[in-house]
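This report concerns only the one structure given below.
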Amino acid sequence: MTANAQIAKPSVIQSLVSNFLGDAPVWYKRLILIFLVANPILFHVSPVASGWLLVGEFIFTLAMALKCYPLLPGGLLAIEAVGIGMTSVYEVKEEIMSNLEVILLLMFMVAGIHFIRDLLVSIFTKIIIKVKSKIVLSLIFCILASVLSAFLDALTVLAVIITVCTGFYNIYHKVITSPSTLIHDNSQVSKEDRVDLDNFRAFLRSLLMHSAVGTALGGIFTLVGEPQNLIIGATANWNFAEFALRVSPISLPVFVCGITTCILVEKFKILGFGQPLPEKIYNILREHHLRHLREIDTPRKVSLFCQSLVALWLIVALAVHIEPGLVGLSVIILATTFTGVNSEAEIGKAFKESLPFTSLLCVFLTVVAVINHLDLFDPIINWVLSVDKHQQLPLFYVANGVLSAVSDNVFVATVYVSQVSDALKTCTIDREQFDMLAIAINSGTNLPSVATPNGQAAFLFLLTSAIAPLIRLSYGRMFIMAIPYTIVLSVIGFICTWLLLPEATDFFIEMGWLKEIEQAACNTVAK
C-alpha cells in the first residue's frame, strides 16, 4: 500500500468544519456556533435579553477582527436575527435607505481616491524623504491626515498612508533578502538587519498611529469627515458650513490638544512612540526615491497634473455641498478618463478596499434595526432625557463615548441620533436642545472611539490591513499606543461639550449666524 493511499481523505463533515469561517481558530468557530444556537432559544425566553446578547456578540466579532473579518460571523448573526424575528427585512431596508449617503460615500469616494492615489502617495513619500526630524515628521503626518480627513473619507486617507508605508517596507525587505523572498518571510534576515528591521517597524507603527488619530481629529470637523457625521447632519438637516460651525467649539480645542499630544509622545517616547528612522534605511529609501524620480516620463507627469486637477474639483464640489457619493463617482470618471485607465479590470481594483467595509456597514445597520425593533436603548435614552436639560449634554457624550470605545462609532451614532430625532418629533425636546445633543453625539462617537481598534472604522481598517502583521501592529499594541490620545481627546471633548458648546451656540445665535436656520427649523417642527 502506497503512502498516498494510507493518508485518510477528510470526510464531508471534516471538510465542512474546515471551510467554516476559513482559517479562523477552532475555539472561535465553536463560539460563533454557540452564539447561533443560543440566540433563538433565548429570544423565545426574553426578546430584550437576546437583543442585548446579539449586540454583545456583534461587538465581540469586531474586537476579534484579526481572527476573522467581522462581515462573516457578524453577517451570520444578522441573517439569523432577521430569520427568528428580532427584526424584519423591511426594517433593515429602511435603515439602509436612510443611510444611503454613507453607503455611496464608502463605495464611490474611496474608489475614486484610488485613481488619484499616485498624487497623494508622491506627496507623503516626499515628506518622509525630506523631513528627518521624527517629531516634525509625526506632526506633519498627523496634521496632513487631519486636513485630508476633513474633506475625504478617513478610510481613503489612511489607505493612502498604508500604501506608502507598505511600499517603504517592501523596498527595505527586498534589500535585506533575496528578490524572490515573500514579504512575510524574515528567515533570511541577519541579526544586524533584524535590529534595523524592528526599529523600522516601530517607526512605521508610530507614523500610522499618528495618522489614524489624525483622521479622527480632522474627521470631527466637517460633514464628510466621518460616516456618522453624514448621518447626524442628514438627520438634523445641516449643510456643510453649518455643521462645521456648530461643531467648532469642540473640534478646534480638541485639534490643538491632539497635536500637542503628538509632540509630547514623540519627544518623551511614550508607549512605543519616538523611534526615529534608522540612518541605513533612510539612505536606501532616499536612493530608491531619487531613482524613481529620474524614471518619471512625460505621460506620468501629465497624469499627475490631471490628478491634481481632479483633487481640486473634489474639494470644490464638497465645498458647494454636492452629495459626497456622487462626487466620488465623478472623481472615478474624471480620473480614469485622463490618467489612461479604460478597462473594467483596472476600475474593479478600486472597489476592493471599499466594498468589504460597505457590506459590513449594512450588517451594522441590521443590528441597528434589531435595537430599534426591540427598543433596547429606550430605557437609557428616556433616563438621559429625564434629567436636567444642562446635564443631558455630558451624559450623552459619556454614553456615546463608552459605547463607541468598544463598538463601531457609526453603529452607535446611528442608534442615538435616531432616538433623539424621535424625541424631537414627539416634542420631548425642543429644536435647540436637539441640535446640541446631535453635536454631543457627534463628539462622543468621534473622540473616545480612538480607544480601541473596533471603535473607529479607520482603526479597524488599519488593523485588518496587509501592513499590520508586517510591522507587528496587533490589537493590543494599537490599544496601548492609543492611550495618551484617548485620555486627552476624551477629557477635552467632555469639557468642551459640557461647558463650551452651550455658550458658543448661544453666541452664534446672538450673532445671527444660526438665526435663520433656527427659525426655519422651528417652522418645520410647527408644521
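Residues in the C-alpha cells are numbered from 1 in each chain, the chains being A, B, ... in the order shown, and ligands are numbered from 1 in the order shown.
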With only C-alpha atoms as the counted atoms, please give the residues lying no more than 12 Å from Leu355 of chain A, apart from itself and same-chain residues fewer than 4 positions off, as a PDB file with N, CA, C and O atoms, in the first residue's frame.
ATOM      1  N   LEU A  71     -17.388  40.721   8.842  1.00  0.00           N
ATOM      2  CA  LEU A  71     -18.510  40.559   7.920  1.00  0.00           C
ATOM      3  C   LEU A  71     -19.066  39.146   7.970  1.00  0.00           C
ATOM      4  O   LEU A  71     -20.289  38.951   7.890  1.00  0.00           O
ATOM      5  N   ILE A 103     -23.392  54.991   2.481  1.00  0.00           N
ATOM      6  CA  ILE A 103     -23.032  53.835   1.661  1.00  0.00           C
ATOM      7  C   ILE A 103     -22.428  54.291   0.332  1.00  0.00           C
ATOM      8  O   ILE A 103     -21.411  53.754  -0.132  1.00  0.00           O
ATOM      9  N   LEU A 104     -23.048  55.297  -0.283  1.00  0.00           N
ATOM     10  CA  LEU A 104     -22.499  55.837  -1.537  1.00  0.00           C
ATOM     11  C   LEU A 104     -21.130  56.459  -1.317  1.00  0.00           C
ATOM     12  O   LEU A 104     -20.240  56.354  -2.175  1.00  0.00           O
ATOM     13  N   LEU A 105     -20.960  57.115  -0.163  1.00  0.00           N
ATOM     14  CA  LEU A 105     -19.663  57.708   0.166  1.00  0.00           C
ATOM     15  C   LEU A 105     -18.583  56.638   0.207  1.00  0.00           C
ATOM     16  O   LEU A 105     -17.506  56.789  -0.386  1.00  0.00           O
ATOM     17  N   LEU A 106     -18.865  55.544   0.928  1.00  0.00           N
ATOM     18  CA  LEU A 106     -17.873  54.485   1.058  1.00  0.00           C
ATOM     19  C   LEU A 106     -17.605  53.792  -0.272  1.00  0.00           C
ATOM     20  O   LEU A 106     -16.470  53.442  -0.598  1.00  0.00           O
ATOM     21  N   MET A 107     -18.659  53.596  -1.047  1.00  0.00           N
ATOM     22  CA  MET A 107     -18.499  52.886  -2.314  1.00  0.00           C
ATOM     23  C   MET A 107     -17.702  53.690  -3.326  1.00  0.00           C
ATOM     24  O   MET A 107     -16.724  53.208  -3.920  1.00  0.00           O
ATOM     25  N   PHE A 108     -18.101  54.942  -3.534  1.00  0.00           N
ATOM     26  CA  PHE A 108     -17.552  55.712  -4.641  1.00  0.00           C
ATOM     27  C   PHE A 108     -16.381  56.616  -4.257  1.00  0.00           C
ATOM     28  O   PHE A 108     -15.454  56.786  -5.040  1.00  0.00           O
ATOM     29  N   MET A 109     -16.435  57.212  -3.045  1.00  0.00           N
ATOM     30  CA  MET A 109     -15.365  58.134  -2.690  1.00  0.00           C
ATOM     31  C   MET A 109     -14.041  57.394  -2.493  1.00  0.00           C
ATOM     32  O   MET A 109     -12.995  57.816  -2.984  1.00  0.00           O
ATOM     33  N   VAL A 110     -14.072  56.285  -1.752  1.00  0.00           N
ATOM     34  CA  VAL A 110     -12.846  55.509  -1.535  1.00  0.00           C
ATOM     35  C   VAL A 110     -12.308  54.987  -2.869  1.00  0.00           C
ATOM     36  O   VAL A 110     -11.107  55.040  -3.138  1.00  0.00           O
ATOM     37  N   ALA A 111     -13.217  54.504  -3.730  1.00  0.00           N
ATOM     38  CA  ALA A 111     -12.785  54.012  -5.040  1.00  0.00           C
ATOM     39  C   ALA A 111     -12.262  55.157  -5.904  1.00  0.00           C
ATOM     40  O   ALA A 111     -11.280  54.994  -6.639  1.00  0.00           O
ATOM     41  N   LEU A 155     -11.066  56.472   5.764  1.00  0.00           N
ATOM     42  CA  LEU A 155     -10.553  55.206   5.225  1.00  0.00           C
ATOM     43  C   LEU A 155      -9.672  55.456   4.002  1.00  0.00           C
ATOM     44  O   LEU A 155      -8.638  54.816   3.817  1.00  0.00           O
ATOM     45  N   GLY A 348     -12.218  47.883 -11.512  1.00  0.00           N
ATOM     46  CA  GLY A 348     -12.703  46.979 -10.463  1.00  0.00           C
ATOM     47  C   GLY A 348     -11.773  46.902  -9.264  1.00  0.00           C
ATOM     48  O   GLY A 348     -12.228  46.741  -8.124  1.00  0.00           O
ATOM     49  N   LYS A 349     -10.461  47.066  -9.495  1.00  0.00           N
ATOM     50  CA  LYS A 349      -9.495  47.013  -8.389  1.00  0.00           C
ATOM     51  C   LYS A 349      -9.754  48.117  -7.365  1.00  0.00           C
ATOM     52  O   LYS A 349      -9.469  47.947  -6.176  1.00  0.00           O
ATOM     53  N   ALA A 350     -10.292  49.231  -7.830  1.00  0.00           N
ATOM     54  CA  ALA A 350     -10.509  50.374  -6.933  1.00  0.00           C
ATOM     55  C   ALA A 350     -11.568  50.077  -5.877  1.00  0.00           C
ATOM     56  O   ALA A 350     -11.579  50.699  -4.811  1.00  0.00           O
ATOM     57  N   PHE A 351     -12.451  49.149  -6.171  1.00  0.00           N
ATOM     58  CA  PHE A 351     -13.550  48.856  -5.251  1.00  0.00           C
ATOM     59  C   PHE A 351     -13.199  47.762  -4.247  1.00  0.00           C
ATOM     60  O   PHE A 351     -13.994  47.456  -3.356  1.00  0.00           O
ATOM     61  N   SER A 359     -20.178  46.455   2.892  1.00  0.00           N
ATOM     62  CA  SER A 359     -21.002  45.304   3.248  1.00  0.00           C
ATOM     63  C   SER A 359     -21.114  45.162   4.759  1.00  0.00           C
ATOM     64  O   SER A 359     -22.197  44.869   5.298  1.00  0.00           O
ATOM     65  N   LEU A 360     -19.996  45.393   5.446  1.00  0.00           N
ATOM     66  CA  LEU A 360     -20.008  45.316   6.906  1.00  0.00           C
ATOM     67  C   LEU A 360     -20.919  46.393   7.493  1.00  0.00           C
ATOM     68  O   LEU A 360     -21.619  46.153   8.477  1.00  0.00           O
ATOM     69  N   LEU A 361     -20.947  47.571   6.882  1.00  0.00           N
ATOM     70  CA  LEU A 361     -21.828  48.636   7.350  1.00  0.00           C
ATOM     71  C   LEU A 361     -23.290  48.219   7.252  1.00  0.00           C
ATOM     72  O   LEU A 361     -24.097  48.523   8.146  1.00  0.00           O
ATOM     73  N   CYS A 362     -23.655  47.505   6.197  1.00  0.00           N
ATOM     74  CA  CYS A 362     -25.038  47.023   6.065  1.00  0.00           C
ATOM     75  C   CYS A 362     -25.376  46.020   7.168  1.00  0.00           C
ATOM     76  O   CYS A 362     -26.516  45.969   7.640  1.00  0.00           O
TER      77      CYS A 362
END
Using only C-alpha atoms, determine which residues lie at most 6 Å from segment 438-454 of chain A, disregarding the query and same-chain residues fewer than 3 positions distant; provide the list as a JSON list (two decimals) with all heavy atoms, in the first residue's frame.
[["chain", "number", "residue", "atom", "x", "y", "z"],
["A", 62, "LEU", "N", -16.30, 42.33, 16.18],
["A", 62, "LEU", "CA", -15.48, 43.48, 15.81],
["A", 62, "LEU", "C", -14.13, 43.44, 16.52],
["A", 62, "LEU", "O", -13.08, 43.72, 15.94],
["A", 62, "LEU", "CB", -16.20, 44.78, 16.15],
["A", 62, "LEU", "CG", -17.49, 45.10, 15.38],
["A", 62, "LEU", "CD1", -18.11, 46.39, 15.90],
["A", 62, "LEU", "CD2", -17.21, 45.21, 13.89],
["A", 63, "ALA", "N", -14.18, 43.09, 17.80],
["A", 63, "ALA", "CA", -12.94, 43.03, 18.59],
["A", 63, "ALA", "C", -12.01, 41.93, 18.09],
["A", 63, "ALA", "O", -10.79, 42.04, 18.21],
["A", 63, "ALA", "CB", -13.27, 42.81, 20.06],
["A", 393, "LEU", "N", -26.23, 67.00, 27.98],
["A", 393, "LEU", "CA", -25.08, 67.02, 27.07],
["A", 393, "LEU", "C", -23.94, 66.13, 27.56],
["A", 393, "LEU", "O", -23.46, 65.27, 26.80],
["A", 393, "LEU", "CB", -24.59, 68.46, 26.86],
["A", 393, "LEU", "CG", -25.49, 69.37, 26.01],
["A", 393, "LEU", "CD1", -24.90, 70.77, 25.94],
["A", 393, "LEU", "CD2", -25.66, 68.80, 24.62],
["A", 397, "TYR", "N", -22.68, 62.56, 25.87],
["A", 397, "TYR", "CA", -21.29, 62.42, 25.45],
["A", 397, "TYR", "C", -20.68, 61.15, 26.06],
["A", 397, "TYR", "O", -20.04, 60.37, 25.36],
["A", 397, "TYR", "CB", -20.50, 63.65, 25.88],
["A", 397, "TYR", "CG", -19.02, 63.57, 25.54],
["A", 397, "TYR", "CD1", -18.55, 64.02, 24.32],
["A", 397, "TYR", "CD2", -18.10, 63.04, 26.44],
["A", 397, "TYR", "CE1", -17.19, 63.95, 23.99],
["A", 397, "TYR", "CE2", -16.75, 62.97, 26.13],
["A", 397, "TYR", "CZ", -16.30, 63.43, 24.91],
["A", 397, "TYR", "OH", -14.98, 63.33, 24.60],
["A", 400, "ASN", "N", -22.36, 57.86, 24.65],
["A", 400, "ASN", "CA", -21.87, 57.57, 23.30],
["A", 400, "ASN", "C", -20.40, 57.19, 23.31],
["A", 400, "ASN", "O", -19.97, 56.31, 22.56],
["A", 400, "ASN", "CB", -22.08, 58.79, 22.41],
["A", 400, "ASN", "CG", -23.50, 58.92, 21.91],
["A", 400, "ASN", "OD1", -23.85, 58.39, 20.88],
["A", 400, "ASN", "ND2", -24.32, 59.62, 22.67],
["A", 401, "GLY", "N", -19.62, 57.88, 24.16],
["A", 401, "GLY", "CA", -18.19, 57.62, 24.21],
["A", 401, "GLY", "C", -17.86, 56.22, 24.68],
["A", 401, "GLY", "O", -17.00, 55.54, 24.10],
["A", 404, "SER", "N", -18.89, 53.77, 21.98],
["A", 404, "SER", "CA", -18.05, 53.90, 20.79],
["A", 404, "SER", "C", -16.65, 53.36, 21.02],
["A", 404, "SER", "O", -15.96, 53.00, 20.07],
["A", 404, "SER", "CB", -17.96, 55.37, 20.37],
["A", 404, "SER", "OG", -19.22, 55.84, 19.93],
["A", 405, "ALA", "N", -16.22, 53.32, 22.29],
["A", 405, "ALA", "CA", -14.89, 52.79, 22.59],
["A", 405, "ALA", "C", -14.83, 51.28, 22.44],
["A", 405, "ALA", "O", -13.75, 50.72, 22.22],
["A", 405, "ALA", "CB", -14.48, 53.18, 24.01],
["A", 407, "SER", "N", -17.46, 49.55, 20.54],
["A", 407, "SER", "CA", -18.19, 49.19, 19.34],
["A", 407, "SER", "C", -17.84, 50.17, 18.24],
["A", 407, "SER", "O", -17.01, 51.06, 18.42],
["A", 407, "SER", "CB", -19.70, 49.20, 19.62],
["A", 407, "SER", "OG", -20.43, 48.85, 18.46],
["A", 408, "ASP", "N", -18.47, 50.03, 17.09],
["A", 408, "ASP", "CA", -18.20, 50.95, 15.99],
["A", 408, "ASP", "C", -18.95, 52.25, 16.20],
["A", 408, "ASP", "O", -20.13, 52.26, 16.54],
["A", 408, "ASP", "CB", -18.63, 50.30, 14.67],
["A", 408, "ASP", "CG", -18.31, 51.19, 13.49],
["A", 408, "ASP", "OD1", -17.14, 51.23, 13.08],
["A", 408, "ASP", "OD2", -19.24, 51.86, 13.01],
["A", 409, "ASN", "N", -18.26, 53.39, 15.98],
["A", 409, "ASN", "CA", -18.89, 54.68, 16.25],
["A", 409, "ASN", "C", -20.03, 55.01, 15.28],
["A", 409, "ASN", "O", -20.97, 55.71, 15.64],
["A", 409, "ASN", "CB", -17.85, 55.81, 16.26],
["A", 409, "ASN", "CG", -16.97, 55.82, 15.03],
["A", 409, "ASN", "OD1", -17.18, 55.06, 14.08],
["A", 409, "ASN", "ND2", -15.98, 56.68, 15.03],
["A", 435, "ASP", "N", -30.29, 70.12, 18.54],
["A", 435, "ASP", "CA", -29.06, 70.47, 17.83],
["A", 435, "ASP", "C", -27.83, 70.22, 18.70],
["A", 435, "ASP", "O", -26.82, 69.68, 18.23],
["A", 435, "ASP", "CB", -29.11, 71.92, 17.38],
["A", 435, "ASP", "CG", -30.10, 72.15, 16.25],
["A", 435, "ASP", "OD1", -30.39, 71.18, 15.53],
["A", 435, "ASP", "OD2", -30.59, 73.29, 16.10],
["A", 459, "PHE", "N", -9.39, 52.84, 12.24],
["A", 459, "PHE", "CA", -8.54, 51.99, 13.07],
["A", 459, "PHE", "C", -8.74, 50.52, 12.72],
["A", 459, "PHE", "O", -7.78, 49.75, 12.64],
["A", 459, "PHE", "CB", -8.85, 52.21, 14.55],
["A", 459, "PHE", "CG", -8.20, 53.43, 15.14],
["A", 459, "PHE", "CD1", -8.27, 54.66, 14.50],
["A", 459, "PHE", "CD2", -7.51, 53.37, 16.34],
["A", 459, "PHE", "CE1", -7.66, 55.79, 15.03],
["A", 459, "PHE", "CE2", -6.90, 54.48, 16.88],
["A", 459, "PHE", "CZ", -6.98, 55.70, 16.23],
["A", 460, "LEU", "N", -10.00, 50.13, 12.55],
["A", 460, "LEU", "CA", -10.29, 48.74, 12.18],
["A", 460, "LEU", "C", -9.71, 48.42, 10.80],
["A", 460, "LEU", "O", -9.19, 47.33, 10.57],
["A", 460, "LEU", "CB", -11.80, 48.51, 12.19],
["A", 460, "LEU", "CG", -12.29, 47.08, 11.93],
["A", 460, "LEU", "CD1", -11.76, 46.12, 12.98],
["A", 460, "LEU", "CD2", -13.81, 47.04, 11.89],
["A", 479, "PHE", "N", -4.13, 49.38, 21.04],
["A", 479, "PHE", "CA", -4.83, 49.86, 22.24],
["A", 479, "PHE", "C", -3.86, 50.63, 23.15],
["A", 479, "PHE", "O", -4.19, 51.72, 23.64],
["A", 479, "PHE", "CB", -5.44, 48.67, 22.99],
["A", 479, "PHE", "CG", -6.02, 49.01, 24.32],
["A", 479, "PHE", "CD1", -7.29, 49.58, 24.42],
["A", 479, "PHE", "CD2", -5.31, 48.79, 25.49],
["A", 479, "PHE", "CE1", -7.82, 49.92, 25.66],
["A", 479, "PHE", "CE2", -5.83, 49.11, 26.73],
["A", 479, "PHE", "CZ", -7.09, 49.67, 26.81],
["A", 482, "ALA", "N", -2.69, 53.99, 21.73],
["A", 482, "ALA", "CA", -3.77, 54.99, 21.65],
["A", 482, "ALA", "C", -4.09, 55.62, 23.01],
["A", 482, "ALA", "O", -4.81, 56.62, 23.06],
["A", 482, "ALA", "CB", -5.03, 54.35, 21.07],
["A", 486, "THR", "N", -6.36, 58.81, 23.74],
["A", 486, "THR", "CA", -7.68, 58.53, 24.29],
["A", 486, "THR", "C", -7.97, 59.42, 25.49],
["A", 486, "THR", "O", -9.06, 60.02, 25.60],
["A", 486, "THR", "CB", -7.79, 57.06, 24.71],
["A", 486, "THR", "OG1", -7.53, 56.21, 23.59],
["A", 486, "THR", "CG2", -9.17, 56.75, 25.25],
["A", 489, "LEU", "N", -8.08, 63.40, 24.26],
["A", 489, "LEU", "CA", -9.22, 63.73, 23.41],
["A", 489, "LEU", "C", -10.54, 63.56, 24.14],
["A", 489, "LEU", "O", -11.46, 64.38, 24.01],
["A", 489, "LEU", "CB", -9.21, 62.86, 22.15],
["A", 489, "LEU", "CG", -7.98, 62.95, 21.24],
["A", 489, "LEU", "CD1", -8.24, 62.23, 19.93],
["A", 489, "LEU", "CD2", -7.60, 64.39, 20.97],
["A", 490, "SER", "N", -10.66, 62.49, 24.94],
["A", 490, "SER", "CA", -11.90, 62.23, 25.66],
["A", 490, "SER", "C", -12.17, 63.31, 26.70],
["A", 490, "SER", "O", -13.30, 63.81, 26.82],
["A", 490, "SER", "CB", -11.85, 60.85, 26.33],
["A", 490, "SER", "OG", -11.68, 59.83, 25.38]]
Do a neighbour search on segment 462-466 of chain A at 10 Å with only C-alpha atoms, toss out local chain neighbours closer than 4 positions, and write the hits as a PyMOL selection string. chain A and resi 65-69+155+158-159+162-163+166+208-209+212+353+453-454+456-458+470-471+473-475+478
Work out how far atom CA of Leu424 of chain A is from atom CA of Ile59 of chain A, in Å to one decimal. 28.9 Å
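What separates atom CA of His373 of chain A from atom CA of Ile232 of chain A is a distance of 20.4 Å.
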